[in-house]
Structure formats: C-alpha cells, structure tokens
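Asks: Just dropping this structure here.
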Amino acid sequence: MVSDARSDATRPHPSIVALGIAVPETVITQDRVRDLFIAHAADDRRSARIVRAVFDSAAIDSRRTVVPELGGVGTGAFVDADSGRIGVPSTAARNARYAAAVPALFAEAATEALAAGGVPTAVITHVITVSCTGFFAPGPEFGLVRDLGLRPNVQRYHLGFQGCAAAIPALRMASQFCAADPAAAVLVVCAELCSLHIQASTHPDQLVSSAIFADGAAAAIVSANPELVRDRRRLECGDFDSVIASEGEKDMRWTIADAGFDMTLTAAVPRIVGREVRGALAGHGIVEHPPSRWAIHPGGRSILDRVESALDLGDDALAASRQVLRRFGNMSSATILFVLRDLLAAADLADGERVLAAAFGPGLTVESASLTARIPGSAGQ
C-alpha cells in the first residue's frame, strides 16, 4: 500500500495537453446579418431600431457560418432569392445541412489538436463529442473514429443539448477517465452550427441569439499519461463544479420547433449571471485565492460586462474572452475552448498560474473548472 501511495503522489494530474480549433470558410459581418433582419422588419421603424441596437451593441466584428448565402455568397434556402430576406427552412432541412457539414469540422479541430500536441492517434483511448445544434446516428463520435483512423475499440461518448456550458462537463468526464486510468488519452471535440437555426424574427429574445451565435469547432486532448504530459505546455485539471442558478429556466432555453431549434435568450440572462456568478464560483476559493487568469465563456458582451462587475475584475481580465467574441461570436460549447487555447498560448503565461474557466448553459447552469498552467523548463517542471 505504501508503494501505491507513493506512485499516486508522483503520478501526473490529468491535464489539457493540446487544443485545436476549426471554423467554416464563410465569414459573415454584423452589418450583413443586421441588414437582413432590418429588411425583415420592413416598414416597422420601431422593430428596425431594435434590430440595429441589438446587433450594433454585440461587440462582434464577424462570425463564421456553414451557410454561404448568409454571408452573401449565392442564394439558397436560408435567404430568399427574390426578397433578399431570411428564409424559413424546415427543421429536417436544417438538420440535413448539419449532418452534411459538421463531421468535417469535428475532424479538422481534432486533427489540429493532435498535431499541436504531437499526439499519435494510436494512443487515443476515449472520444467525447459535444454538440447541441443537430442530431444523427451513428453520431460524430463514431465518425471521428473512422475519419481519424482511431482504433476501433476506442470508447465513445456524446454529450448533446447541454448548450454553451457543455465543454466543461466534457473536460470533467475526460479528467475522471484519466484519473481512473493513467494510460488514458481522451479526445474531446465540440462542434456547433448555430447559424443553421437562424430565425426570421424581430422579437428581442430571438434577436439576441441571431446577433451573437456562430459556427465553429474546438478540440482538447486530456491525459495523465507521463509520456504525453512530460515536457508539455499544458493546463493541469483541478476541481470542477456545477451549480444551478436560482432562476433562469425560462430565460435560456433551446427547444425543437418545426422551423429549426428555437433559442431563447431573454434580457434577464446577463442580470441573473451577474447576480449568481460569485456564489456559483465560491467553491473554487476565488476570494481566498483569486485566479490570475479568467476564461469566461463569451455568451455575449452584456454577460462579460456583468461577470467583470460582479467579480470586481480589472479592465483587461476578460480580454481573451472579449477577443474571441469579437472575432468569432458565440459558438456555443466550442467557444470556451477557443478562450483556453489563446490563454495557453500566451507568451506571458507563467508556470503555476491558476486559470478559472466558467461557462453558462440552459437552466441556468454555471459549469466551472480550476486549471493550473504548467510550463516546461520552469522551476518544478
């Protein structure tokens, strides 16, 4: 028993050893999508003013989409060729586009993560895929085994319909697998095609989602295998937490309708997040031992503003989150991995720095993780 205890004490902790991203080719600017919605408002000046205010205040320059016509490239079901207004494809048509487009993004993000970490496909033992913007079976976790040439006995899991917060539960699951099996190497891949569910509506609760959501994918490789962890710039996994807010079940919802998935984000969401976030993160000791870096899911500019205020953060504390939001928009579950990728690559990241990641999902749910930077060549490495 003594030798086992010593072995456990020296065994590396599960860590994120590599991250990768992928985005569709088509770029959409805020101005382009805003004008589509203004056209939908027709002669209703009040609605047009609301559309302009929502889009112009989003703090987003551009987003990516798998729907070329939304970016002004050709025509199709999502933009009516005659009127130039947003179309209303059926849920089946949107899901068919999802099934056709998303596998390549899953594979591209995963391939980049494997290459970034120099991780051979042969060592991957588990695959966890995450998505809430479409369905098909066999699912994306099955497709990755085929597309990447992984071993056919790799364990496969899929987390669906958990919204923007889902990457953190996926990382928690991966960390638990690695803690139980030191040889495990888990590939986590999130891919979301939110633009497929754009809704031709000027209702404020629908407009917010149309103004911020985008398409993209991101992957992480998690392992405690000494061969993968040694001499790696990585984020060591610590405690994870999950808290359901006291309200918000009707304010952040994702339901299946006849013309796509309806995403509801009411104006109350930033207020709820701002009020609840300090208590939801208290288990990480943010008062006694504040993290030096923050990876907050950029669910929108207002959410970041509320978090910054509630936690008394400096003006640049959420710079990584704001930059991802500005360049890519809100890609639901994949977005927090974009932020972590940028933080891990930061030239001034020091060994031992604590990074606190948090994301917000339907319910309203706050998912969070304490991570510690490990930099090769530093003292103790």
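Letters A, B, ... mark the chains of the structure tokens in the order given; residue numbers begin at 1 per chain; ligand numbers begin at 1, in order shown.
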Please return, as number ranges by chain, all residues of region 80-163 of chain A that DSSP assigns to helix (DSSP H, G or I) on the basis of the backbone.

Replies: A: 91-117, 121-123, 140-148, 163

Asks: Quick one: which region 174-220 of chain A residues come within 7 Å of region 261-274 of chain A, and what is the nearest atom pair for each with the distance in Å to one decimal, counting only C-alpha atoms, rows ordered by chain and ascending number, as a Markdown table?

Replies:
| residue | atom | partner | partner_atom | distance |
| --- | --- | --- | --- | --- |
| A:His197 | CA | A:Phe261 | CA | 5.6 |
| A:Asp205 | CA | A:Thr266 | CA | 4.9 |
| A:Gln206 | CA | A:Thr264 | CA | 5.8 |
| A:Val208 | CA | A:Leu265 | CA | 6.6 |
| A:Ser209 | CA | A:Leu265 | CA | 6.5 |

Asks: Rank A:Phe213, A:Phe240, A:Phe360, A:Phe136 by their smallest atom-to-atom distance to Met331 (chain A), using only C-alpha atoms, and report the top residue only.

Replies: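 Going through A:Phe213, A:Phe240, A:Phe360, A:Phe136 one by one, the smallest distance to Met331 (chain A) is for A:Phe213.
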
Asks: Compare A:Asp315, A:Tyr157, A:Ala100, A:Arg327 by their minimum atom-to-atom distance to Thr29 (chain A), counting only C-alpha atoms, and give me the closest one.

Replies: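 Smallest distance to Thr29 (chain A) is found for A:Arg327.
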
Asks: Counting only C-alpha atoms, which residue out of A:Glu108, A:Cys237, A:Ile256, A:Leu19 sits closest to Leu343 (chain A)?

Replies: A:Leu19

Asks: Give me the residues within 9 Å of Leu344 (chain A) as an MDAnalysis selection string, counting only C-alpha atoms and dropping any in the same chain fewer than 3 places off.

Replies: chainID A and resid 19 233:235 339:341 347 349 373

Asks: Write the residues of the preceding selection, restricted to N, CA and C atoms, as an mmCIF file, in the first residue's frame.

Replies:
data_model
loop_
_atom_site.group_PDB
_atom_site.id
_atom_site.type_symbol
_atom_site.label_atom_id
_atom_site.label_comp_id
_atom_site.auth_asym_id
_atom_site.auth_seq_id
_atom_site.Cartn_x
_atom_site.Cartn_y
_atom_site.Cartn_z
ATOM 1 N N LEU A 19 -4.772 21.810 -27.707
ATOM 2 C CA LEU A 19 -6.061 22.361 -28.123
ATOM 3 C C LEU A 19 -5.999 22.682 -29.608
ATOM 4 N N ARG A 233 3.653 22.001 -22.484
ATOM 5 C CA ARG A 233 2.952 23.188 -22.023
ATOM 6 C C ARG A 233 1.485 22.776 -21.913
ATOM 7 N N ARG A 234 0.925 22.869 -20.721
ATOM 8 C CA ARG A 234 -0.394 22.279 -20.523
ATOM 9 C C ARG A 234 -1.170 23.014 -19.436
ATOM 10 N N LEU A 235 -2.452 22.649 -19.331
ATOM 11 C CA LEU A 235 -3.322 23.141 -18.268
ATOM 12 C C LEU A 235 -3.733 21.952 -17.415
ATOM 13 N N VAL A 339 -11.093 30.184 -26.013
ATOM 14 C CA VAL A 339 -10.502 31.063 -24.998
ATOM 15 C C VAL A 339 -9.327 30.373 -24.313
ATOM 16 N N LEU A 340 -9.505 29.117 -23.915
ATOM 17 C CA LEU A 340 -8.425 28.376 -23.253
ATOM 18 C C LEU A 340 -7.227 28.209 -24.177
ATOM 19 N N ARG A 341 -7.477 28.011 -25.448
ATOM 20 C CA ARG A 341 -6.375 27.874 -26.412
ATOM 21 C C ARG A 341 -5.538 29.153 -26.437
ATOM 22 N N ALA A 347 2.275 34.297 -24.361
ATOM 23 C CA ALA A 347 3.722 34.304 -24.116
ATOM 24 C C ALA A 347 4.063 34.591 -22.660
ATOM 25 N N LEU A 349 2.284 33.649 -20.006
ATOM 26 C CA LEU A 349 1.716 32.692 -19.057
ATOM 27 C C LEU A 349 2.851 32.030 -18.279
ATOM 28 N N ALA A 373 -1.542 26.290 -14.916
ATOM 29 C CA ALA A 373 -0.606 26.287 -16.035
ATOM 30 C C ALA A 373 0.671 25.563 -15.634
#

Asks: When DSSP works through the backbone of this structure, what residues of region 156-363 of chain A end up as strand (DSSP E), shown as a ChimeraX atom specification?

Replies: /A:156-160,185-193,215-223,234-244,252-257,260-265,293-296,354-361

Asks: What separation in Å, quoted to one decimal, exists between CA of Cys178 (chain A) and CA of Ser223 (chain A)?

Replies: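 Straight-line distance from CA of Cys178 (chain A) to CA of Ser223 (chain A) works out to 5.7 Å.
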
Asks: Need to verify the contact set: Gly71 (chain A), 9 Å, only C-alpha atoms, exclusion of same-chain residues closer than 2 positions in sequence. Can you return it as an mmCIF file with all heavy atoms, in the first residue's frame?

Replies:
data_model
loop_
_atom_site.group_PDB
_atom_site.id
_atom_site.type_symbol
_atom_site.label_atom_id
_atom_site.label_comp_id
_atom_site.auth_asym_id
_atom_site.auth_seq_id
_atom_site.Cartn_x
_atom_site.Cartn_y
_atom_site.Cartn_z
ATOM 1 N N THR A 26 -16.928 30.545 -44.747
ATOM 2 C CA THR A 26 -17.748 31.729 -44.995
ATOM 3 C C THR A 26 -17.769 32.659 -43.792
ATOM 4 O O THR A 26 -18.112 32.250 -42.676
ATOM 5 C CB THR A 26 -19.194 31.341 -45.355
ATOM 6 O OG1 THR A 26 -19.174 30.506 -46.517
ATOM 7 C CG2 THR A 26 -20.042 32.577 -45.638
ATOM 8 N N VAL A 27 -17.420 33.912 -44.019
ATOM 9 C CA VAL A 27 -17.422 34.935 -42.983
ATOM 10 C C VAL A 27 -18.683 35.773 -43.129
ATOM 11 O O VAL A 27 -19.061 36.172 -44.239
ATOM 12 C CB VAL A 27 -16.184 35.850 -43.101
ATOM 13 C CG1 VAL A 27 -16.229 36.964 -42.062
ATOM 14 C CG2 VAL A 27 -14.905 35.037 -42.971
ATOM 15 N N ILE A 28 -19.335 36.042 -42.016
ATOM 16 C CA ILE A 28 -20.472 36.964 -42.027
ATOM 17 C C ILE A 28 -20.152 38.125 -41.094
ATOM 18 O O ILE A 28 -19.691 37.932 -39.975
ATOM 19 C CB ILE A 28 -21.792 36.283 -41.607
ATOM 20 C CG1 ILE A 28 -21.656 35.528 -40.282
ATOM 21 C CG2 ILE A 28 -22.293 35.364 -42.687
ATOM 22 C CD1 ILE A 28 -22.966 34.954 -39.784
ATOM 23 N N THR A 29 -20.375 39.327 -41.580
ATOM 24 C CA THR A 29 -20.175 40.510 -40.749
ATOM 25 C C THR A 29 -21.471 40.865 -40.038
ATOM 26 O O THR A 29 -22.561 40.490 -40.491
ATOM 27 C CB THR A 29 -19.727 41.711 -41.600
ATOM 28 O OG1 THR A 29 -20.785 42.049 -42.515
ATOM 29 C CG2 THR A 29 -18.449 41.373 -42.382
ATOM 30 N N ARG A 32 -23.881 42.762 -42.283
ATOM 31 C CA ARG A 32 -24.603 41.941 -43.258
ATOM 32 C C ARG A 32 -25.842 41.297 -42.641
ATOM 33 O O ARG A 32 -26.952 41.405 -43.183
ATOM 34 C CB ARG A 32 -23.650 40.862 -43.809
ATOM 35 C CG ARG A 32 -24.308 39.658 -44.444
ATOM 36 C CD ARG A 32 -24.923 39.949 -45.774
ATOM 37 N NE ARG A 32 -25.553 38.731 -46.325
ATOM 38 C CZ ARG A 32 -26.320 38.712 -47.400
ATOM 39 N NH1 ARG A 32 -26.543 39.822 -48.063
ATOM 40 N NH2 ARG A 32 -26.844 37.580 -47.830
ATOM 41 N N VAL A 33 -25.679 40.643 -41.488
ATOM 42 C CA VAL A 33 -26.818 39.972 -40.863
ATOM 43 C C VAL A 33 -27.807 40.989 -40.304
ATOM 44 O O VAL A 33 -29.026 40.799 -40.391
ATOM 45 C CB VAL A 33 -26.350 39.011 -39.756
ATOM 46 C CG1 VAL A 33 -27.521 38.188 -39.233
ATOM 47 C CG2 VAL A 33 -25.271 38.079 -40.276
ATOM 48 N N ARG A 64 -18.475 33.099 -38.331
ATOM 49 C CA ARG A 64 -18.353 32.118 -39.405
ATOM 50 C C ARG A 64 -19.641 31.311 -39.496
ATOM 51 O O ARG A 64 -20.324 31.084 -38.497
ATOM 52 C CB ARG A 64 -17.175 31.173 -39.148
ATOM 53 C CG ARG A 64 -15.816 31.863 -39.099
ATOM 54 C CD ARG A 64 -15.434 32.535 -40.402
ATOM 55 N NE ARG A 64 -14.105 33.100 -40.343
ATOM 56 C CZ ARG A 64 -13.032 32.526 -40.894
ATOM 57 N NH1 ARG A 64 -13.139 31.369 -41.541
ATOM 58 N NH2 ARG A 64 -11.842 33.110 -40.804
ATOM 59 N N THR A 65 -19.939 30.850 -40.721
ATOM 60 C CA THR A 65 -21.168 30.088 -40.941
ATOM 61 C C THR A 65 -20.956 29.022 -42.012
ATOM 62 O O THR A 65 -20.106 29.182 -42.906
ATOM 63 C CB THR A 65 -22.328 31.007 -41.371
ATOM 64 O OG1 THR A 65 -23.505 30.225 -41.603
ATOM 65 C CG2 THR A 65 -21.992 31.777 -42.637
ATOM 66 N N VAL A 67 -23.440 28.358 -43.880
ATOM 67 C CA VAL A 67 -24.498 28.756 -44.812
ATOM 68 C C VAL A 67 -23.968 29.899 -45.675
ATOM 69 O O VAL A 67 -24.014 31.068 -45.259
ATOM 70 C CB VAL A 67 -25.769 29.197 -44.057
ATOM 71 C CG1 VAL A 67 -26.883 29.525 -45.052
ATOM 72 C CG2 VAL A 67 -26.229 28.119 -43.087
ATOM 73 N N PRO A 68 -23.445 29.627 -46.862
ATOM 74 C CA PRO A 68 -22.827 30.676 -47.681
ATOM 75 C C PRO A 68 -23.744 31.853 -47.967
ATOM 76 O O PRO A 68 -23.292 33.011 -47.996
ATOM 77 C CB PRO A 68 -22.440 29.936 -48.968
ATOM 78 C CG PRO A 68 -22.281 28.519 -48.557
ATOM 79 C CD PRO A 68 -23.321 28.305 -47.489
ATOM 80 N N GLU A 69 -25.052 31.583 -48.203
ATOM 81 C CA GLU A 69 -25.951 32.673 -48.559
ATOM 82 C C GLU A 69 -26.103 33.702 -47.439
ATOM 83 O O GLU A 69 -26.390 34.871 -47.694
ATOM 84 C CB GLU A 69 -27.330 32.144 -48.995
ATOM 85 C CG GLU A 69 -28.054 31.268 -47.986
ATOM 86 C CD GLU A 69 -27.844 29.785 -48.228
ATOM 87 O OE1 GLU A 69 -26.716 29.402 -48.598
ATOM 88 O OE2 GLU A 69 -28.805 29.023 -48.030
ATOM 89 N N VAL A 73 -22.944 34.920 -50.304
ATOM 90 C CA VAL A 73 -22.394 34.096 -51.378
ATOM 91 C C VAL A 73 -23.513 33.246 -51.965
ATOM 92 O O VAL A 73 -23.965 32.261 -51.356
ATOM 93 C CB VAL A 73 -21.253 33.189 -50.861
ATOM 94 C CG1 VAL A 73 -20.697 32.342 -52.001
ATOM 95 C CG2 VAL A 73 -20.164 34.012 -50.205
ATOM 96 N N GLY A 74 -24.012 33.627 -53.143
ATOM 97 C CA GLY A 74 -25.072 32.874 -53.795
ATOM 98 C C GLY A 74 -26.397 32.987 -53.059
ATOM 99 O O GLY A 74 -26.587 33.834 -52.170
#

Asks: Contacts of Phe142 (chain A) at 12 Å or less, counting only C-alpha atoms, minus same-chain residues fewer than 5 places along, as a PyMOL selection string?

Replies: chain A and resi 103+106-107+126-129+136-137+147-158

Asks: Could you save the residues just selected, with N, CA and C atoms, as a JSON list (two decimals), in the first residue's frame?

Replies:
[["chain", "number", "residue", "atom", "x", "y", "z"],
["A", 103, "PRO", "N", -19.34, 16.94, -39.67],
["A", 103, "PRO", "CA", -18.24, 15.98, -39.50],
["A", 103, "PRO", "C", -16.87, 16.54, -39.87],
["A", 106, "PHE", "N", -15.60, 18.68, -36.95],
["A", 106, "PHE", "CA", -15.15, 17.81, -35.87],
["A", 106, "PHE", "C", -13.75, 17.28, -36.17],
["A", 107, "ALA", "N", -13.58, 16.75, -37.39],
["A", 107, "ALA", "CA", -12.31, 16.14, -37.76],
["A", 107, "ALA", "C", -11.18, 17.16, -37.85],
["A", 126, "HIS", "N", -10.22, 7.30, -25.59],
["A", 126, "HIS", "CA", -11.61, 7.72, -25.43],
["A", 126, "HIS", "C", -11.88, 8.91, -26.36],
["A", 127, "VAL", "N", -13.09, 8.98, -26.87],
["A", 127, "VAL", "CA", -13.54, 10.13, -27.64],
["A", 127, "VAL", "C", -14.84, 10.64, -27.03],
["A", 128, "ILE", "N", -14.88, 11.94, -26.74],
["A", 128, "ILE", "CA", -16.10, 12.59, -26.25],
["A", 128, "ILE", "C", -16.44, 13.70, -27.22],
["A", 129, "THR", "N", -17.59, 13.63, -27.86],
["A", 129, "THR", "CA", -18.03, 14.71, -28.73],
["A", 129, "THR", "C", -19.17, 15.47, -28.05],
["A", 136, "PHE", "N", -27.65, 13.09, -35.45],
["A", 136, "PHE", "CA", -27.66, 11.97, -36.40],
["A", 136, "PHE", "C", -27.00, 10.79, -35.73],
["A", 137, "ALA", "N", -27.28, 9.59, -36.25],
["A", 137, "ALA", "CA", -26.67, 8.37, -35.72],
["A", 137, "ALA", "C", -26.39, 7.42, -36.88],
["A", 147, "ASP", "N", -12.88, 8.80, -39.38],
["A", 147, "ASP", "CA", -12.20, 9.86, -40.13],
["A", 147, "ASP", "C", -10.75, 10.04, -39.70],
["A", 148, "LEU", "N", -10.44, 9.80, -38.43],
["A", 148, "LEU", "CA", -9.08, 9.99, -37.94],
["A", 148, "LEU", "C", -8.27, 8.70, -37.93],
["A", 149, "GLY", "N", -8.91, 7.59, -38.23],
["A", 149, "GLY", "CA", -8.21, 6.32, -38.20],
["A", 149, "GLY", "C", -7.87, 5.88, -36.79],
["A", 150, "LEU", "N", -8.76, 6.17, -35.84],
["A", 150, "LEU", "CA", -8.53, 5.74, -34.46],
["A", 150, "LEU", "C", -8.79, 4.24, -34.34],
["A", 151, "ARG", "N", -8.29, 3.67, -33.26],
["A", 151, "ARG", "CA", -8.52, 2.24, -33.03],
["A", 151, "ARG", "C", -10.02, 1.96, -32.89],
["A", 152, "PRO", "N", -10.53, 0.88, -33.45],
["A", 152, "PRO", "CA", -11.98, 0.63, -33.43],
["A", 152, "PRO", "C", -12.54, 0.35, -32.04],
["A", 153, "ASN", "N", -11.67, 0.04, -31.06],
["A", 153, "ASN", "CA", -12.17, -0.22, -29.71],
["A", 153, "ASN", "C", -12.07, 0.99, -28.80],
["A", 154, "VAL", "N", -11.83, 2.18, -29.38],
["A", 154, "VAL", "CA", -11.84, 3.42, -28.59],
["A", 154, "VAL", "C", -13.23, 3.59, -27.96],
["A", 155, "GLN", "N", -13.25, 3.98, -26.68],
["A", 155, "GLN", "CA", -14.53, 4.23, -26.01],
["A", 155, "GLN", "C", -15.11, 5.55, -26.51],
["A", 156, "ARG", "N", -16.41, 5.57, -26.81],
["A", 156, "ARG", "CA", -17.05, 6.73, -27.44],
["A", 156, "ARG", "C", -18.24, 7.23, -26.62],
["A", 157, "TYR", "N", -18.34, 8.56, -26.50],
["A", 157, "TYR", "CA", -19.42, 9.19, -25.75],
["A", 157, "TYR", "C", -19.83, 10.48, -26.48],
["A", 158, "HIS", "N", -21.10, 10.83, -26.34],
["A", 158, "HIS", "CA", -21.58, 12.09, -26.93],
["A", 158, "HIS", "C", -22.43, 12.83, -25.90]]

Asks: Find, counting only C-alpha atoms, the residue in A:Ala18, A:Glu25, A:Ala369, A:Ile375 that gets nearest to Arg63 (chain A).

Replies: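 Of A:Ala18, A:Glu25, A:Ala369, A:Ile375, the one nearest Arg63 (chain A) is A:Glu25, counting only C-alpha atoms.
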
Asks: Name all residues at most 7 Å from Ala259 (chain A) (count only C-alpha atoms; drop same-chain ones fewer than 5 positions away) and give them as an NGL selection string.

Replies: :A and (88-91)

Asks: Looking at A:Leu114, A:Val366, A:Ala39, A:Val119, which one is nearest to Ala282 (chain A), with distances taken over only C-alpha atoms?

Replies: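 Smallest separation from Ala282 (chain A) among the options: A:Val366.
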
Asks: Could you tell me which of A:Asp215, A:Asp80, A:Glu276, A:Asp43 comes closest to Asn330 (chain A) if we count only C-alpha atoms?

Replies: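 Among the listed residues, A:Asp215 lies closest to Asn330 (chain A).
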